>>> print(open('structure_23.cif').read())   # mmCIF, C-alpha atoms and all ligand atoms
data_protein
loop_
_atom_site.label_atom_id
_atom_site.label_comp_id
_atom_site.auth_asym_id
_atom_site.auth_seq_id
_atom_site.Cartn_x
_atom_site.Cartn_y
_atom_site.Cartn_z
CA MET A 1 -4.15 -12.57 8.58
CA LEU A 2 -0.55 -13.71 8.58
CA ASN A 3 0.52 -14.44 5.00
CA SER A 4 3.69 -15.49 3.27
CA ILE A 5 2.68 -15.84 -0.35
CA GLY A 6 5.48 -13.80 -1.88
CA LEU A 7 4.97 -11.93 -5.11
CA GLN A 8 4.75 -14.71 -7.69
CA ASN A 9 2.97 -13.58 -10.84
CA PRO A 10 3.13 -14.30 -14.58
CA GLY A 11 5.20 -11.19 -15.38
CA VAL A 12 4.57 -7.86 -17.03
CA GLU A 13 4.33 -9.14 -20.63
CA TYR A 14 1.62 -11.63 -19.68
CA PHE A 15 -0.14 -8.92 -17.66
CA ALA A 16 -0.09 -6.56 -20.66
CA GLU A 17 -1.47 -9.16 -23.04
CA ASN A 18 -4.05 -10.90 -20.87
CA ASP A 19 -4.96 -9.14 -17.62
CA LEU A 20 -4.96 -5.54 -18.78
CA PRO A 21 -7.55 -5.98 -21.58
CA PHE A 22 -9.82 -7.71 -19.04
CA LEU A 23 -9.37 -4.96 -16.45
CA ARG A 24 -9.98 -2.24 -19.07
CA LYS A 25 -13.54 -3.52 -19.52
CA PHE A 26 -14.37 -1.89 -16.17
CA ASP A 27 -14.90 1.82 -15.69
CA THR A 28 -12.17 2.32 -13.11
CA ALA A 29 -8.58 3.50 -12.77
CA ILE A 30 -5.89 0.83 -13.00
CA ILE A 31 -2.89 1.24 -10.70
CA VAL A 32 -0.24 -1.46 -11.06
CA ASN A 33 1.61 -2.66 -7.96
CA ALA A 34 5.20 -3.23 -9.08
CA CYS A 35 8.12 -5.00 -7.45
CA GLY A 36 11.62 -6.06 -8.45
CA SER A 37 14.62 -7.74 -6.88
CA SER A 38 17.13 -5.05 -7.85
CA ILE A 39 16.99 -1.36 -8.74
CA ASP A 40 17.67 -2.27 -12.38
CA GLU A 41 14.69 -4.60 -12.36
CA TYR A 42 12.40 -1.88 -10.95
CA VAL A 43 13.62 0.46 -13.69
CA GLU A 44 13.18 -2.12 -16.50
CA LEU A 45 9.71 -3.01 -15.25
CA CYS A 46 8.63 0.62 -15.04
CA LYS A 47 9.95 1.34 -18.53
CA VAL A 48 7.50 -1.29 -19.80
CA LEU A 49 4.67 -0.09 -17.54
CA ASN A 50 5.19 3.43 -18.89
CA THR A 51 4.15 2.20 -22.35
CA LEU A 52 0.94 0.49 -21.17
CA ASP A 53 -2.62 1.80 -20.92
CA ILE A 54 -2.59 2.10 -17.14
CA ASP A 55 -3.33 5.05 -14.86
CA GLY A 56 -0.43 4.81 -12.46
CA VAL A 57 2.15 2.68 -10.71
CA GLU A 58 2.44 1.80 -7.04
CA LEU A 59 6.01 0.74 -6.28
CA ASN A 60 6.09 -1.98 -3.68
CA LEU A 61 9.20 -1.26 -1.62
CA SER A 62 7.81 -3.08 1.30
CA CYS A 63 7.03 -6.76 0.86
CA PRO A 64 8.38 -8.67 3.87
CA ASN A 65 8.19 -12.04 2.11
CA VAL A 66 10.83 -11.62 -0.56
CA LYS A 67 14.43 -12.32 0.38
CA ALA A 68 16.19 -9.99 -2.01
CA GLY A 69 14.49 -6.78 -2.97
CA CYS A 70 11.53 -4.82 -1.73
CA MET A 71 12.29 -4.50 1.97
CA ALA A 72 16.00 -4.34 1.22
CA PHE A 73 15.30 -0.94 -0.39
CA GLY A 74 12.24 -0.06 1.62
CA ASN A 75 13.65 0.38 5.06
CA THR A 76 16.42 2.92 4.59
CA TYR A 77 16.16 6.56 3.56
CA ASP A 78 18.90 6.14 0.94
CA GLY A 79 17.45 2.92 -0.49
CA VAL A 80 13.98 4.39 -0.91
CA LYS A 81 15.33 7.60 -2.40
CA GLU A 82 17.56 5.79 -4.89
CA VAL A 83 14.95 3.39 -6.27
CA THR A 84 12.26 6.09 -6.40
CA SER A 85 14.44 8.59 -8.24
CA GLN A 86 15.67 5.98 -10.74
CA VAL A 87 12.10 4.93 -11.49
CA ARG A 88 10.96 8.56 -11.69
CA LYS A 89 13.38 9.09 -14.60
CA VAL A 90 11.64 6.47 -16.75
CA LEU A 91 8.02 6.78 -15.60
CA ASP A 92 5.80 9.65 -16.78
CA LYS A 93 2.67 8.22 -15.17
CA PRO A 94 1.58 8.96 -11.59
CA LEU A 95 4.00 7.27 -9.19
CA ILE A 96 2.94 6.14 -5.74
CA VAL A 97 5.50 4.52 -3.44
CA LYS A 98 4.28 1.99 -0.91
CA LEU A 99 6.05 1.94 2.45
CA THR A 100 6.83 -0.76 4.93
CA PRO A 101 5.78 -0.17 8.54
CA ASN A 102 8.78 -2.23 9.67
CA VAL A 103 10.96 0.82 10.23
CA THR A 104 11.78 3.04 13.18
CA ASP A 105 10.94 6.39 11.57
CA ILE A 106 8.24 6.16 8.89
CA ALA A 107 8.13 9.94 8.43
CA SER A 108 11.74 10.17 7.25
CA ILE A 109 11.20 7.32 4.75
CA ALA A 110 8.12 9.12 3.39
CA LYS A 111 10.18 12.30 3.06
CA ALA A 112 12.73 10.36 0.97
CA VAL A 113 9.91 9.35 -1.39
CA GLU A 114 8.71 12.93 -1.69
CA ASP A 115 12.24 14.27 -2.23
CA ALA A 116 12.80 11.70 -4.97
CA GLY A 117 9.83 12.99 -6.97
CA ALA A 118 6.99 10.57 -6.24
CA ASP A 119 3.42 11.84 -6.67
CA GLY A 120 2.06 10.02 -3.65
CA VAL A 121 2.85 7.62 -0.88
CA SER A 122 0.87 4.59 0.26
CA LEU A 123 1.01 2.90 3.63
CA ILE A 124 1.07 0.56 5.39
CA ASN A 125 2.19 -2.73 3.99
CA THR A 126 2.06 -5.72 6.34
CA LEU A 127 3.81 -5.87 9.71
CA LEU A 128 6.37 -8.63 10.12
CA GLY A 129 4.89 -11.38 12.30
CA MET A 130 5.42 -15.00 13.38
CA LYS A 131 3.15 -17.85 14.51
CA ILE A 132 4.53 -20.95 16.26
CA ASP A 133 2.87 -24.39 16.27
CA ILE A 134 3.40 -25.25 19.95
CA ASP A 135 3.13 -29.04 19.44
CA LYS A 136 5.69 -29.13 16.64
CA ARG A 137 7.67 -26.23 18.13
CA ARG A 138 8.08 -24.90 14.65
CA PRO A 139 6.83 -21.76 12.93
CA VAL A 140 3.57 -22.42 11.08
CA LEU A 141 4.69 -20.58 7.95
CA ALA A 142 7.26 -22.25 5.70
CA ASN A 143 9.06 -18.92 5.48
CA ASN A 144 9.07 -18.76 9.34
CA THR A 145 7.78 -15.19 9.35
CA GLY A 146 4.99 -13.52 7.40
CA GLY A 147 3.12 -10.28 6.90
CA LEU A 148 0.36 -9.39 9.37
CA SER A 149 -2.68 -7.56 8.01
CA GLY A 150 -6.33 -6.93 8.87
CA PRO A 151 -8.05 -5.14 11.78
CA ALA A 152 -5.26 -6.01 14.25
CA ILE A 153 -2.86 -3.61 12.53
CA LYS A 154 -5.24 -0.66 12.10
CA PRO A 155 -4.07 1.45 15.08
CA VAL A 156 -0.46 1.16 13.87
CA ALA A 157 -1.50 2.15 10.35
CA VAL A 158 -3.58 5.14 11.49
CA ARG A 159 -0.69 6.37 13.64
CA MET A 160 1.75 6.07 10.74
CA VAL A 161 -0.60 7.80 8.28
CA TYR A 162 -0.89 10.67 10.76
CA GLN A 163 2.89 10.88 11.21
CA VAL A 164 3.51 10.82 7.47
CA SER A 165 0.83 13.48 6.89
CA GLN A 166 2.79 15.78 9.18
CA ALA A 167 6.01 15.16 7.23
CA VAL A 168 5.08 15.36 3.52
CA HIS A 169 2.90 17.42 1.17
CA ILE A 170 2.13 14.67 -1.37
CA PRO A 171 -1.18 12.75 -1.03
CA ILE A 172 -1.38 9.62 1.10
CA LEU A 173 -3.14 6.39 0.16
CA GLY A 174 -3.96 4.83 3.54
CA MET A 175 -4.52 1.17 4.34
CA GLY A 176 -4.20 -1.39 7.09
CA GLY A 177 -7.17 -3.14 8.64
CA ILE A 178 -9.97 -1.18 6.97
CA ILE A 179 -13.21 -3.19 6.94
CA ASN A 180 -15.92 -0.51 7.00
CA GLY A 181 -16.72 3.16 6.47
CA GLU A 182 -15.81 4.17 10.02
CA ASP A 183 -12.33 2.73 9.55
CA ALA A 184 -11.94 4.57 6.24
CA ILE A 185 -12.99 7.86 7.86
CA GLU A 186 -10.36 7.37 10.59
CA PHE A 187 -7.65 7.13 7.93
CA MET A 188 -8.95 10.22 6.17
CA LEU A 189 -9.09 12.25 9.37
CA ALA A 190 -5.50 11.12 10.01
CA GLY A 191 -4.47 12.51 6.60
CA ALA A 192 -5.20 9.95 3.89
CA SER A 193 -6.69 11.29 0.63
CA ALA A 194 -7.73 7.80 -0.45
CA ILE A 195 -7.93 4.38 1.14
CA SER A 196 -7.31 0.82 0.08
CA ILE A 197 -8.59 -2.54 1.35
CA GLY A 198 -6.66 -5.82 1.39
CA ALA A 199 -7.44 -8.43 4.07
CA GLY A 200 -10.99 -7.11 4.48
CA ASN A 201 -11.84 -8.56 1.07
CA PHE A 202 -11.10 -12.04 2.42
CA ILE A 203 -13.54 -11.54 5.31
CA ASN A 204 -16.31 -10.33 3.02
CA PRO A 205 -16.04 -9.75 -0.74
CA TYR A 206 -18.47 -6.82 -0.36
CA THR A 207 -16.21 -5.00 2.10
CA SER A 208 -15.22 -2.30 -0.41
CA VAL A 209 -18.82 -1.62 -1.45
CA ASN A 210 -19.99 -1.56 2.18
CA THR A 211 -17.15 0.83 2.99
CA VAL A 212 -18.37 3.28 0.35
CA PHE A 213 -21.89 3.16 1.84
CA GLY A 214 -20.40 3.60 5.32
CA ILE A 215 -18.52 6.71 4.20
CA GLU A 216 -21.76 8.11 2.73
CA ASN A 217 -23.61 7.45 6.01
CA TYR A 218 -20.92 9.30 7.96
CA MET A 219 -21.16 12.23 5.54
CA LYS A 220 -24.94 12.41 5.96
CA LYS A 221 -24.70 12.13 9.76
CA HIS A 222 -22.16 14.99 9.95
CA GLN A 223 -23.62 17.00 7.05
CA ILE A 224 -20.43 16.82 5.00
CA ASN A 225 -20.86 17.68 1.31
CA ASP A 226 -17.28 17.15 0.14
CA ILE A 227 -15.31 14.23 1.54
CA ASN A 228 -12.07 16.09 0.77
CA SER A 229 -12.98 18.59 3.46
CA ILE A 230 -12.26 16.08 6.23
CA ILE A 231 -8.78 14.98 5.09
CA GLY A 232 -6.22 15.55 7.83
CA THR A 233 -8.68 17.33 10.10
CA VAL A 234 -8.14 15.23 13.23
CA ILE A 235 -7.97 17.53 16.27
CA MET A 236 -5.09 16.33 18.40
CA ASN A 237 -5.34 16.39 22.21
C1 LIG A 301 -2.81 -11.99 0.77
C2 LIG A 301 -2.15 -10.66 0.68
C3 LIG A 301 -1.36 -10.36 -0.44
C4 LIG A 301 -0.72 -9.11 -0.55
N1 LIG A 301 0.03 -8.82 -1.67
C5 LIG A 301 0.60 -7.60 -1.80
C6 LIG A 301 1.32 -7.24 -2.98
O1 LIG A 301 1.45 -8.02 -3.92
N2 LIG A 301 1.88 -6.00 -3.05
C7 LIG A 301 1.75 -5.08 -2.03
O2 LIG A 301 2.26 -3.97 -2.14
N3 LIG A 301 1.05 -5.39 -0.90
C8 LIG A 301 0.49 -6.61 -0.77
N4 LIG A 301 -0.23 -6.91 0.37
C9 LIG A 301 -0.36 -5.90 1.44
C10 LIG A 301 -1.70 -5.17 1.37
O3 LIG A 301 -1.85 -4.52 0.12
C11 LIG A 301 -1.84 -4.12 2.49
O4 LIG A 301 -0.83 -3.13 2.37
C12 LIG A 301 -1.74 -4.72 3.89
O5 LIG A 301 -2.25 -6.05 3.91
C13 LIG A 301 -2.48 -3.88 4.92
O6 LIG A 301 -3.83 -3.65 4.53
P1 LIG A 301 -5.07 -4.64 4.91
O7 LIG A 301 -5.05 -4.80 6.42
O8 LIG A 301 -6.29 -3.93 4.39
O9 LIG A 301 -4.81 -5.93 4.21
C14 LIG A 301 -0.87 -8.15 0.49
C15 LIG A 301 -1.69 -8.46 1.61
C16 LIG A 301 -2.31 -9.70 1.71
C17 LIG A 301 -3.17 -9.99 2.92
#
>>> encode(input="structure_23.cif", output="structure tokens")
Amino acid sequence: MLNSIGLQNPGVEYFAENDLPFLRKFDTAIIVNACGSSIDEYVELCKVLNTLDIDGVELNLSCPNVKAGCMAFGNTYDGVKEVTSQVRKVLDKPLIVKLTPNVTDIASIAKAVEDAGADGVSLINTLLGMKIDIDKRRPVLANNTGGLSGPAIKPVAVRMVYQVSQAVHIPILGMGGIINGEDAIEFMLAGASAISIGAGNFINPYTSVNTVFGIENYMKKHQINDINSIIGTVIMN
């Protein structure tokens, strides 16, 4: 999937009043994906999130579809370190920082997140892509470029999760093209402690449920009692 939907949303006050009470009806952890267009905005937003009944925050430093913000911080060591450490000062809840794959050295960016005091790192966000309408000779997306997700990006994501796992000690939330249990296991062997599913939900709304069953099947097949025992256990050639 190549998307360019940006990050439009009704804002944190609306979320607190309307969405959060709805989400709290379910027996699950709530992690809020947060984005701003300046460091001050990230800090202000996280001050509010710190007061809400949520279980953690995932800072989006990696959206390729927003002109100012996100990627502007997300692709340099100093930018990532600055925004993460400023947010850390105002946020007592678990802080995960989500990385863009559109960088040369993902491991050093992950290290910046760890050094700045984050509790975890998540990756990957979408890869910058472009599709051209050959009859019109124009890009298909109004924004010209967009974020590529889904199974096509999985090998890049697995490689980056592995590289980051070699560079940091904080847990990794892995994602990028997961559509079944086998995919999830790959990420865990590469070093992810948890996984997340985006585009796969558009292919089949039951993707997440099927992925859980797929993980269980793998555990039975390989006689694994504790899924944590496989994290980061890939044997490199
Ligand atoms: C339609 C769509 C909207 C997305 N919106 C966000 C977002 O608001 N914040 C964010 O951090 N990532 C966002 N992503 C990125 C996904 O969370 C994920 O990192 C990426 O798509 C790779 O995983 P996937 O292949 O399972 O989708 C979005 C992805 C898609 C396809």
>>> closest_atom_pairs(input="structure_23.cif", of="segment 208-231 of chain A", to="segment 181-204 of chain A", cutoff="9 Å", atoms="only C-alpha atoms", output="Markdown table")
| residue | atom | partner | partner_atom | distance |
| --- | --- | --- | --- | --- |
| A:Ser208 | CA | A:Ile197 | CA | 6.9 |
| A:Asn210 | CA | A:Gly181 | CA | 7.2 |
| A:Thr211 | CA | A:Gly181 | CA | 4.2 |
| A:Val212 | CA | A:Gly181 | CA | 6.3 |
| A:Phe213 | CA | A:Gly181 | CA | 6.9 |
| A:Gly214 | CA | A:Gly181 | CA | 3.9 |
| A:Ile215 | CA | A:Gly181 | CA | 4.6 |
| A:Glu216 | CA | A:Gly181 | CA | 8.0 |
| A:Asn217 | CA | A:Gly181 | CA | 8.1 |
| A:Tyr218 | CA | A:Glu182 | CA | 7.5 |
| A:Ile227 | CA | A:Met188 | CA | 8.8 |
| A:Asn228 | CA | A:Ser193 | CA | 7.2 |
| A:Ile230 | CA | A:Leu189 | CA | 5.9 |
| A:Ile231 | CA | A:Met188 | CA | 4.9 |
>>> write_last_selection(input="structure_23.cif", atoms="C-alpha atoms", output="PDB file, keeping the file's coordinate frame")
ATOM      1  CA  SER A 208     -15.220  -2.300  -0.410  1.00  0.00           C
ATOM      2  CA  ASN A 210     -19.990  -1.560   2.180  1.00  0.00           C
ATOM      3  CA  THR A 211     -17.150   0.830   2.990  1.00  0.00           C
ATOM      4  CA  VAL A 212     -18.370   3.280   0.350  1.00  0.00           C
ATOM      5  CA  PHE A 213     -21.890   3.160   1.840  1.00  0.00           C
ATOM      6  CA  GLY A 214     -20.400   3.600   5.320  1.00  0.00           C
ATOM      7  CA  ILE A 215     -18.520   6.710   4.200  1.00  0.00           C
ATOM      8  CA  GLU A 216     -21.760   8.110   2.730  1.00  0.00           C
ATOM      9  CA  ASN A 217     -23.610   7.450   6.010  1.00  0.00           C
ATOM     10  CA  TYR A 218     -20.920   9.300   7.960  1.00  0.00           C
ATOM     11  CA  ILE A 227     -15.310  14.230   1.540  1.00  0.00           C
ATOM     12  CA  ASN A 228     -12.070  16.090   0.770  1.00  0.00           C
ATOM     13  CA  ILE A 230     -12.260  16.080   6.230  1.00  0.00           C
ATOM     14  CA  ILE A 231      -8.780  14.980   5.090  1.00  0.00           C
TER      15      ILE A 231
END
>>> residues_near_ligand(input="structure_23.cif", ligand="ligand LIG 301 (chain A)", cutoff="8 Å", atoms="all atoms listed in the file", output="MDAnalysis selection string")
chainID A and resid 1:7 33:35 58:63 98 123:126 147:154 175:179 196:201
>>> write_last_selection(input="structure_23.cif", atoms="C-alpha atoms", output="tab-separated table (two decimals), in the frame of the given file")
chain	number	residue	atom	x	y	z
A	1	MET	CA	-4.15	-12.57	8.58
A	2	LEU	CA	-0.55	-13.71	8.58
A	3	ASN	CA	0.52	-14.44	5.00
A	4	SER	CA	3.69	-15.49	3.27
A	5	ILE	CA	2.68	-15.84	-0.35
A	6	GLY	CA	5.48	-13.80	-1.88
A	7	LEU	CA	4.97	-11.93	-5.11
A	33	ASN	CA	1.61	-2.66	-7.96
A	34	ALA	CA	5.20	-3.23	-9.08
A	35	CYS	CA	8.12	-5.00	-7.45
A	58	GLU	CA	2.44	1.80	-7.04
A	59	LEU	CA	6.01	0.74	-6.28
A	60	ASN	CA	6.09	-1.98	-3.68
A	61	LEU	CA	9.20	-1.26	-1.62
A	62	SER	CA	7.81	-3.08	1.30
A	63	CYS	CA	7.03	-6.76	0.86
A	98	LYS	CA	4.28	1.99	-0.91
A	123	LEU	CA	1.01	2.90	3.63
A	124	ILE	CA	1.07	0.56	5.39
A	125	ASN	CA	2.19	-2.73	3.99
A	126	THR	CA	2.06	-5.72	6.34
A	147	GLY	CA	3.12	-10.28	6.90
A	148	LEU	CA	0.36	-9.39	9.37
A	149	SER	CA	-2.68	-7.56	8.01
A	150	GLY	CA	-6.33	-6.93	8.87
A	151	PRO	CA	-8.05	-5.14	11.78
A	152	ALA	CA	-5.26	-6.01	14.25
A	153	ILE	CA	-2.86	-3.61	12.53
A	154	LYS	CA	-5.24	-0.66	12.10
A	175	MET	CA	-4.52	1.17	4.34
A	176	GLY	CA	-4.20	-1.39	7.09
A	177	GLY	CA	-7.17	-3.14	8.64
A	178	ILE	CA	-9.97	-1.18	6.97
A	179	ILE	CA	-13.21	-3.19	6.94
A	196	SER	CA	-7.31	0.82	0.08
A	197	ILE	CA	-8.59	-2.54	1.35
A	198	GLY	CA	-6.66	-5.82	1.39
A	199	ALA	CA	-7.44	-8.43	4.07
A	200	GLY	CA	-10.99	-7.11	4.48
A	201	ASN	CA	-11.84	-8.56	1.07
>>> atom_distance(input="structure_23.cif", atom1="atom CA of Asn18 of chain A", atom2="atom CA of Val57 of chain A")
18.1 Å
>>> closest_residue(input="structure_23.cif", among="A:Asn50, A:Ala112, A:Gly120, A:Asn75", to="Lys89 of chain A", atoms="only C-alpha atoms")
A:Asn50
>>> atom_distance(input="structure_23.cif", atom1="atom CA of Arg24 of chain A", atom2="atom CA of Val12 of chain A")
15.7 Å
>>> closest_residue(input="structure_23.cif", among="A:Ile109, A:Ile170, A:Leu141, A:Ala16", to="Gly74 of chain A", atoms="all atoms listed in the file")
A:Ile109
>>> closest_residue(input="structure_23.cif", among="A:Gly174, A:Asp27, A:Val156, A:Thr84", to="Val103 of chain A", atoms="all atoms listed in the file")
A:Val156
>>> atom_distance(input="structure_23.cif", atom1="atom CA of Met130 of chain A", atom2="atom CA of Asn143 of chain A")
9.5 Å
>>> residues_around(input="structure_23.cif", residues="Ser85 of chain A", least_positions_apart="3", cutoff="9 Å", atoms="all atoms listed in the file", output="PyMOL selection string")
chain A and resi 80-82+88-89+113+115-118
>>> write_last_selection(input="structure_23.cif", atoms="C-alpha atoms", output="PDB file, keeping the file's coordinate frame")
ATOM      1  CA  VAL A  80      13.980   4.390  -0.910  1.00  0.00           C
ATOM      2  CA  LYS A  81      15.330   7.600  -2.400  1.00  0.00           C
ATOM      3  CA  GLU A  82      17.560   5.790  -4.890  1.00  0.00           C
ATOM      4  CA  ARG A  88      10.960   8.560 -11.690  1.00  0.00           C
ATOM      5  CA  LYS A  89      13.380   9.090 -14.600  1.00  0.00           C
ATOM      6  CA  VAL A 113       9.910   9.350  -1.390  1.00  0.00           C
ATOM      7  CA  ASP A 115      12.240  14.270  -2.230  1.00  0.00           C
ATOM      8  CA  ALA A 116      12.800  11.700  -4.970  1.00  0.00           C
ATOM      9  CA  GLY A 117       9.830  12.990  -6.970  1.00  0.00           C
ATOM     10  CA  ALA A 118       6.990  10.570  -6.240  1.00  0.00           C
TER      11      ALA A 118
END
